[in-house]
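Right, one structure below, let's go through it.
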Amino acid sequence: PISLSLSLSLSLSPSVSFRLLSSMLRSSLVATTPISMSSSRSTPSNKVRLSVPSGGDFTSPRKNPQYLQRLTDVGQMDIQAALDQMRSLLGGRPQVVYKTAYYRKQTKNHWYRDDPAFCALQGAMLTVSAIAYAVAFRATLTGGVSFLLYSLFWNWLVPGVIVASVGREIANRHLSGTASASHVKQTVEWLYAFDIHCNAFFPLFCLLYVAQFFMLPLVLGQSLFALVVSNTLYAAALSWYWYITHLGYRSLPFLSNTEVFLFPIAAVLLVYCLNLIGYPFGMGWNASRLLTQIYFY
């Protein structure tokens with residue numbers, strides 16, 4: 001023990017005690033050095049990895065049960081906010097609707113709507129308009145139900161799923177920026193892509209379901225004027241759809257070259273012009289008359 005050796009060294013002469021203390025210190029340093037080295041070698045370095053959620057892993061409503069629960073509970077929906085957004089989409093500044101997505105990203109770390117009121121209202125409006133068209137064309141009960149299901153699924157839901165999935169894939173694969181050491185790569189959420197479809201579908205609904213309903217006596221005519229009015233209505237609705245779609249992807253700051261979503265407008269205008277040019281040669285067709293034959297006859 002050091003205390004015992006120290007007391008013995010004090011009882012000896014100064015020179016002897018100094019030599020004794022020096023040897024004790026050297027031996028203690030030699031004995032403790034390997035212990036400290038071995039402990040430093042045996043202790044692994046702990047590296048902490050931080051993961052920042054980007055919200056891009058959300059791909060379907062099934063991963064968000066709260067969204068589905070609110071879809072079945074009207075009391076939890078903000079109907080007034082959804083109506084305000086619909087009014088903005090028909091105004092001169094439809095991009096204002098997508099500013100709320102930026103606020104959701106800052107506060108809730110996701111871009112998509114967590115309130116399904118907008119989607120539910122569109123389904124209700126499509127149901128009412130389908131019933132009105134069935135009554136106007138004096139469709140049978142089976143024909144009316146068939147047109148209702150066709151409007152809900154094949155005109156709205158199924159195209160929305162396809163357009164949202166393809167648009168999200170294009171954006172994430174080809175338009176998204178690369179991740180860096182200081183920035184986490186973000187991806188487009190599937191529900192946000194479907195929100196874009198719902199936003200873009202509303203002006204199309206107003207033109208092809210509401211405005212066309214009151215113009216049926218005109219657009220179902222066989223004259224050139226009826227053909228021009230009908231095809232202009234459809235061309236405007238489809239162009240408006242893709243313009244709103246472009247605005248939805250352009251509002252995401254991590255995407256670039258979102259002008260690709262405007263390319264379908266060129267195809268719509270090309271078909272519109274070819275239809276007018278082909279009318280004198282018997283190759284023009286009236287979009288309203290053609291779809292009426294498919295739906296009700």
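So you can find residues: chains in the structure tokens are A, B, ... in the order shown, residues in each start at 1, and ligands are numbered from 1 in order.
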
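With only C-alpha atoms taken into account, the protein and nucleic acid residues at most 10 Å from Leu274 (chain A) (excluding it and anything under 4 positions from it in its own chain) are Leu269, Leu270, Gly278, Tyr279, Met283 and Gly284 of chain A.
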
Between CA of Arg113 (chain A) and CA of Phe194 (chain A), measure the distance and give it in Å to one decimal. 9.7 Å

Would you compute the distance between CA of Leu290 (chain A) and CA of Leu90 (chain A)? Give it in Å to one decimal.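 Between CA of Leu290 (chain A) and CA of Leu90 (chain A) the gap is 27.0 Å.
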
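If you measure from each of A:Asn275, A:Asn109, A:Gln85, A:Asn155 to Gly123 (chain A) using only C-alpha atoms, the closest one turns out to be A:Asn155.
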
Between region 81-141 of chain A and region 208-215 of chain A, at 9 Å or less, what are the per-residue closest atom pairs and their distances in Å? Count only C-alpha atoms, order by chain and rising residue number, and return it as CSV.
```
residue,atom,partner,partner_atom,distance
A:Leu126,CA,A:Tyr209,CA,8.1
A:Ser129,CA,A:Tyr209,CA,6.6
A:Ala130,CA,A:Tyr209,CA,8.4
A:Ala132,CA,A:Phe213,CA,8.5
A:Tyr133,CA,A:Phe213,CA,7.4
A:Ala136,CA,A:Phe213,CA,8.8
```

Any chance you could list, as a PyMOL selection string, the residues in region 81-227 of chain A that come up helix (DSSP H, G or I) when DSSP is run on the backbone? chain A and resi 81-90+94-108+117-136+141-175+190-214+216-219+224-227

In Å and to one decimal, CA of Val184 (chain A) is distant from CA of Val260 (chain A) by 24.5 Å

Excluding Phe296 (chain A) and its own-chain neighbours fewer than 5 positions away, which residues fall within 12 Å of it when counting only C-alpha atoms? Please give them as a list in words.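 That gives Ala130, Tyr133, Ala134, Val135, Ala136, Phe137, Arg138, Ala139, Thr140, Leu141, Thr142, Gly143, Gly144, Val145, Ser146, Phe147, Leu148, Tyr150, Ser288, Arg289, Leu290 and Leu291 of chain A.
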
Selected residue of minimal separation from Gln222 (chain A) among A:Ala164, A:Ala287, A:Val128, A:Asp114, counting only C-alpha atoms: A:Ala287
